[in-house]
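Asker: start30.pdb is the file, holding PDB, C-alpha atoms:
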```pdb
MODEL        1
ATOM      1  CA  MET T 122      57.375  79.655  71.609
ATOM      2  CA  LYS T 123      55.283  82.777  72.218
ATOM      3  CA  ARG T 124      53.618  81.209  75.248
ATOM      4  CA  PHE T 125      57.034  80.254  76.674
ATOM      5  CA  VAL T 126      58.238  83.869  76.342
ATOM      6  CA  GLU T 127      55.089  85.170  78.067
ATOM      7  CA  VAL T 128      55.417  82.625  80.888
ATOM      8  CA  GLU T 129      59.103  83.465  81.280
ATOM      9  CA  GLN T 130      58.243  87.162  81.586
ATOM     10  CA  LEU T 131      55.536  86.420  84.158
ATOM     11  CA  LEU T 132      57.942  84.336  86.250
ATOM     12  CA  ARG T 133      60.526  87.113  86.164
ATOM     13  CA  THR T 134      57.954  89.649  87.407
ATOM     14  CA  LYS T 135      57.259  87.271  90.302
ATOM     15  CA  GLY T 136      60.964  87.142  91.149
ATOM     16  CA  VAL T 137      61.547  83.550  90.014
ATOM     17  CA  ARG T 138      65.163  82.964  89.013
ATOM     18  CA  LEU T 139      65.316  80.971  85.796
ATOM     19  CA  THR T 140      68.377  78.780  85.510
ATOM     20  CA  ASP T 141      69.016  76.928  82.258
ATOM     21  CA  GLN T 142      67.526  73.765  83.773
ATOM     22  CA  ARG T 143      64.395  75.567  84.986
ATOM     23  CA  ARG T 144      64.061  77.185  81.571
ATOM     24  CA  LEU T 145      64.102  73.739  79.969
ATOM     25  CA  VAL T 146      61.429  72.453  82.377
ATOM     26  CA  VAL T 147      59.218  75.477  81.669
ATOM     27  CA  ARG T 148      59.715  75.170  77.907
ATOM     28  CA  ARG T 149      58.782  71.469  77.936
ATOM     29  CA  ALA T 150      55.796  71.990  80.285
ATOM     30  CA  VAL T 151      54.203  74.700  78.146
ATOM     31  CA  ALA T 152      54.482  72.411  75.108
ATOM     32  CA  TYR T 153      51.854  70.064  76.599
ATOM     33  CA  LEU T 154      48.092  70.240  76.938
ATOM     34  CA  HIS T 155      47.881  67.848  79.924
ATOM     35  CA  PHE T 156      50.789  65.977  81.465
ATOM     36  CA  THR T 157      51.764  64.060  84.563
ATOM     37  CA  SER T 158      54.820  64.990  86.576
ATOM     38  CA  GLU T 159      56.536  61.762  85.525
ATOM     39  CA  GLU T 160      55.820  62.415  81.831
ATOM     40  CA  LEU T 161      57.465  65.802  82.261
ATOM     41  CA  VAL T 162      60.462  64.247  84.044
ATOM     42  CA  ARG T 163      60.942  61.754  81.175
ATOM     43  CA  ASP T 164      60.565  64.491  78.568
ATOM     44  CA  VAL T 165      63.031  66.859  80.253
ATOM     45  CA  LYS T 166      65.568  64.070  80.798
ATOM     46  CA  ALA T 167      65.359  63.176  77.093
ATOM     47  CA  PHE T 168      66.631  66.691  76.363
ATOM     48  CA  ASP T 169      69.087  66.891  79.258
ATOM     49  CA  PRO T 170      69.753  63.768  81.370
ATOM     50  CA  SER T 171      71.550  65.847  84.006
ATOM     51  CA  VAL T 172      68.320  67.557  85.149
ATOM     52  CA  ALA T 173      67.332  66.061  88.498
ATOM     53  CA  ARG T 174      63.798  64.830  89.195
ATOM     54  CA  GLY T 175      63.667  67.245  92.134
ATOM     55  CA  THR T 176      64.397  70.179  89.826
ATOM     56  CA  VAL T 177      61.415  69.231  87.680
ATOM     57  CA  TYR T 178      59.119  68.874  90.713
ATOM     58  CA  ARG T 179      60.294  72.136  92.290
ATOM     59  CA  THR T 180      59.887  74.005  89.010
ATOM     60  CA  LEU T 181      56.409  72.524  88.630
ATOM     61  CA  ALA T 182      55.584  73.822  92.121
ATOM     62  CA  LEU T 183      56.847  77.294  91.127
ATOM     63  CA  LEU T 184      54.698  77.202  87.979
ATOM     64  CA  HIS T 185      51.691  76.248  90.092
ATOM     65  CA  GLN T 186      52.314  79.026  92.622
ATOM     66  CA  ALA T 187      52.675  81.533  89.786
ATOM     67  CA  GLY T 188      49.318  80.488  88.314
ATOM     68  CA  VAL T 189      50.830  79.084  85.130
ATOM     69  CA  VAL T 190      49.769  75.463  85.656
ATOM     70  CA  GLU T 191      46.862  73.910  87.465
ATOM     71  CA  LYS T 192      47.005  70.498  89.089
ATOM     72  CA  HIS T 193      44.044  68.241  88.373
ATOM     73  CA  ASP T 194      43.587  65.350  90.740
ATOM     74  CA  PHE T 195      41.598  63.201  88.378
ATOM     75  CA  ARG T 196      39.863  60.377  90.172
ATOM     76  CA  TYR T 197      41.377  57.690  87.949
ATOM     77  CA  GLY T 198      45.061  57.714  87.125
ATOM     78  CA  PRO T 199      47.803  60.025  88.298
ATOM     79  CA  PRO T 200      47.245  63.747  88.785
ATOM     80  CA  ASN T 201      47.621  65.793  85.624
ATOM     81  CA  TYR T 202      48.999  69.254  85.191
ATOM     82  CA  GLU T 203      47.634  71.665  82.662
ATOM     83  CA  VAL T 204      49.036  74.956  81.459
ATOM     84  CA  THR T 205      46.141  77.311  82.192
ATOM     85  CA  PHE T 206      48.097  80.528  81.637
ATOM     86  CA  ALA T 207      46.035  82.787  79.311
ATOM     87  CA  LYS T 208      43.509  79.980  78.755
ATOM     88  CA  ALA T 209      39.726  80.308  78.952
ATOM     89  CA  HIS T 210      37.758  78.418  81.595
ATOM     90  CA  HIS T 211      36.803  74.910  80.538
ATOM     91  CA  ASP T 212      35.828  71.535  81.949
ATOM     92  CA  HIS T 213      37.074  67.996  81.298
ATOM     93  CA  LEU T 214      35.824  64.637  80.063
ATOM     94  CA  MET T 215      38.130  61.745  80.967
ATOM     95  CA  CYS T 216      38.111  58.162  79.747
ATOM     96  CA  ILE T 217      38.713  55.884  82.721
ATOM     97  CA  ARG T 218      40.123  53.147  80.489
ATOM     98  CA  CYS T 219      42.696  54.886  78.247
ATOM     99  CA  GLY T 220      43.067  58.206  80.085
ATOM    100  CA  GLU T 221      42.063  60.428  77.154
ATOM    101  CA  ILE T 222      41.162  63.933  78.346
ATOM    102  CA  ILE T 223      38.895  66.214  76.346
ATOM    103  CA  GLU T 224      38.457  69.869  77.224
ATOM    104  CA  PHE T 225      35.073  71.445  76.583
ATOM    105  CA  GLN T 226      33.005  74.485  77.472
ATOM    106  CA  GLU T 227      29.331  74.412  78.396
ATOM    107  CA  PRO T 228      28.090  77.975  78.955
ATOM    108  CA  ARG T 229      24.627  76.790  80.070
ATOM    109  CA  TRP T 230      26.175  75.448  83.297
ATOM    110  CA  GLU T 231      27.535  78.796  84.443
ATOM    111  CA  PRO T 232      24.163  80.414  85.303
ATOM    112  CA  MET T 233      23.013  77.209  87.041
ATOM    113  CA  GLN T 234      26.116  77.219  89.246
ATOM    114  CA  GLU T 235      25.590  80.869  90.142
ATOM    115  CA  ALA T 236      21.934  80.169  90.971
ATOM    116  CA  ALA T 237      22.863  77.210  93.187
ATOM    117  CA  ALA T 238      25.499  79.257  95.026
ATOM    118  CA  LYS T 239      23.031  82.119  95.540
ATOM    119  CA  ARG T 240      20.311  79.739  96.771
ATOM    120  CA  TYR T 241      22.630  78.435  99.502
ATOM    121  CA  GLY T 242      24.190  81.797 100.345
ATOM    122  CA  TYR T 243      27.598  81.097  98.809
ATOM    123  CA  GLN T 244      29.874  83.429  96.948
ATOM    124  CA  LEU T 245      31.202  81.269  94.120
ATOM    125  CA  LEU T 246      34.969  81.690  93.765
ATOM    126  CA  SER T 247      35.867  78.854  91.417
ATOM    127  CA  HIS T 248      34.733  75.480  90.204
ATOM    128  CA  THR T 249      35.781  72.521  88.147
ATOM    129  CA  HIS T 250      33.821  69.826  86.378
ATOM    130  CA  LYS T 251      35.424  66.471  85.713
ATOM    131  CA  LEU T 252      33.220  63.963  83.942
ATOM    132  CA  TYR T 253      34.356  60.327  83.820
ATOM    133  CA  GLY T 254      33.323  57.678  81.342
ATOM    134  CA  LEU T 255      34.458  55.643  78.375
ATOM    135  CA  CYS T 256      35.553  57.273  75.118
ATOM    136  CA  GLY T 257      34.183  56.034  71.811
ATOM    137  CA  THR T 258      37.308  54.022  71.029
ATOM    138  CA  CYS T 259      37.198  52.158  74.351
ATOM    139  CA  GLN T 260      33.463  51.516  73.938
ATOM    140  CA  ARG T 261      34.045  50.031  70.471
ATOM    141  CA  ALA T 262      36.839  47.873  71.922
ATOM    142  CA  GLY T 263      34.304  46.121  74.160
ATOM    143  CA  ALA T 264      34.871  48.113  77.317
ATOM    144  CA  LYS T 265      31.186  48.920  77.830
ATOM    145  CA  ARG T 266      31.153  47.064  81.111
ATOM    146  CA  LEU T 267      34.068  47.100  83.451
ATOM    147  CA  ALA T 268      34.718  43.876  85.335
ATOM    148  CA  LYS T 269      35.857  45.939  88.299
ATOM    149  CA  PRO T 270      36.093  49.679  88.911
ATOM    150  CA  PRO T 271      39.405  51.234  87.875
ATOM    151  CA  ARG T 272      41.975  51.666  90.607
ATOM    152  CA  LEU T 273      41.969  55.127  92.156
ATOM    153  CA  HIS T 274      45.384  56.729  92.161
ATOM    154  CA  VAL T 275      47.058  58.795  94.848
ATOM    155  CA  GLU T 276      50.409  60.387  94.046
ATOM    156  CA  GLU T 277      52.961  61.304  96.645
ATOM    157  CA  VAL T 278      55.172  64.130  95.482
ATOM    158  CA  VAL T 279      58.731  63.990  96.729
ATOM    159  CA  ALA T 280      60.725  67.063  95.789
TER     160      ALA T 280
ENDMDL
END
```
Could I get this file's structure written as structure tokens?
Answerer:
Amino acid sequence: MKRFVEVEQLLRTKGVRLTDQRRLVVRRAVAYLHFTSEELVRDVKAFDPSVARGTVYRTLALLHQAGVVEKHDFRYGPPNYEVTFAKAHHDHLMCIRCGEIIEFQEPRWEPMQEAAAKRYGYQLLSHTHKLYGLCGTCQRAGAKRLAKPPRLHVEEVVA
């Protein structure tokens, strides 16, 4: 609830008008760790079936523009959104079989990234690490070898 209030205040300072439907979308989005746009649509509609899919997508775009959510185009599966508002930098492990996402921090990588950027004359502005593999549960279920690579996913957003 506290995070919702803080996000609502941020959106107001950015001039975003919050209708009751937008408020519901924001409230449901900040309740998640990672979510797809379609998961959010289903969740919002469970609370209020009258909310249009376009309202959810447009509100998601407003949240992204305001810096509240970040869109992760994971290589396998649909893109995920993550509420990054007031959240420390972290990276992701993703199981390509079940889609589990684990957030982690590895401070030893930060100096190596800075050194690589400096070596090539870059000013590092941001980065993301997404590591793909099989979680322990999927490994125990006999998924050590994949018969074929998982299907890459591309999502087309229609708002």
Asker: Choose the residue, out of T:Glu231, T:Gln130, T:Tyr197, T:Arg143, that has the smallest atom-to-atom separation from Leu183 of chain T; count only C-alpha atoms.
Answerer: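 Smallest separation from Leu183 of chain T among the options: T:Arg143.
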Asker: Up to 8 Å from (69.2, 70.0, 83.7) in the file's coordinates: name the residues, counting all atoms listed in the file, as a list in words.
Answerer: Asp141, Gln142, Arg143, Leu145, Val165, Lys166, Asp169, Pro170, Ser171, Val172, Ala173 and Thr176 of chain T
Asker: Written as a PyMOL selection string, what is the full residue list that the PyMOL selection byres ((chain T and resi 214) around 7) yields on the file shown?
Answerer: chain T and resi 213+215-216+222-224+251-253
Asker: Just to be explicit: take each residue in the selection above, keep C-alpha atoms, and write the result as a PDB file, in the coordinates of the input.
Answerer:
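Written out: result_0.pdb:
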```
ATOM      1  CA  HIS T 213      37.074  67.996  81.298  1.00  0.00           C
ATOM      2  CA  MET T 215      38.130  61.745  80.967  1.00  0.00           C
ATOM      3  CA  CYS T 216      38.111  58.162  79.747  1.00  0.00           C
ATOM      4  CA  ILE T 222      41.162  63.933  78.346  1.00  0.00           C
ATOM      5  CA  ILE T 223      38.895  66.214  76.346  1.00  0.00           C
ATOM      6  CA  GLU T 224      38.457  69.869  77.224  1.00  0.00           C
ATOM      7  CA  LYS T 251      35.424  66.471  85.713  1.00  0.00           C
ATOM      8  CA  LEU T 252      33.220  63.963  83.942  1.00  0.00           C
ATOM      9  CA  TYR T 253      34.356  60.327  83.820  1.00  0.00           C
TER      10      TYR T 253
END
```
Asker: With all atoms listed in the file as the basis for distance, which of T:His185, T:Arg218, T:Arg229, T:His250 is at the shortest distance from Gly263 of chain T?
Answerer: T:Arg218
Asker: Using only C-alpha atoms, which residue out of T:Leu181, T:Leu139, T:Val189, T:Leu245 lies closest to Glu159 of chain T?
Answerer: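 Closest residue, counting only C-alpha atoms: T:Leu181.
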Asker: By how many Å are atom CA of Gln244 of chain T and atom CA of Gln226 of chain T apart?
Answerer: 21.7 Å
Asker: Could you spell out the hits of the PyMOL selection byres ((chain T and resi 157) around 7) on the shown file, as a VMD selection string?
Answerer: chain T and resid 156 158 to 161 199 to 202
Asker: Please produce a file of the residues just selected, as a PDB file, in the frame of the given file, where the atoms kept are C-alpha atoms.
Answerer:
```
ATOM      1  CA  PHE T 156      50.789  65.977  81.465  1.00  0.00           C
ATOM      2  CA  SER T 158      54.820  64.990  86.576  1.00  0.00           C
ATOM      3  CA  GLU T 159      56.536  61.762  85.525  1.00  0.00           C
ATOM      4  CA  GLU T 160      55.820  62.415  81.831  1.00  0.00           C
ATOM      5  CA  LEU T 161      57.465  65.802  82.261  1.00  0.00           C
ATOM      6  CA  PRO T 199      47.803  60.025  88.298  1.00  0.00           C
ATOM      7  CA  PRO T 200      47.245  63.747  88.785  1.00  0.00           C
ATOM      8  CA  ASN T 201      47.621  65.793  85.624  1.00  0.00           C
ATOM      9  CA  TYR T 202      48.999  69.254  85.191  1.00  0.00           C
TER      10      TYR T 202
END
```
Asker: Residues within 10 Å of Arg148 of chain T, please, as an MDAnalysis selection string. Count only C-alpha atoms; anything in the same chain fewer than 4 positions from it doesn't count.
Answerer: chainID T and resid 122 124:126 128:129 142:144 152:153 165
Asker: So how far away is atom CA of Ala207 of chain T from atom CA of Leu131 of chain T, in Å?
Answerer: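 Computing it gives 11.3 Å between the two atoms.
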Asker: With all atoms listed in the file as the atoms that count, which of T:Glu221, T:Leu184, T:Val190, T:Ala238 lies nearest to Arg133 of chain T?
Answerer: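 Closest to Arg133 of chain T of all the choices is T:Leu184.
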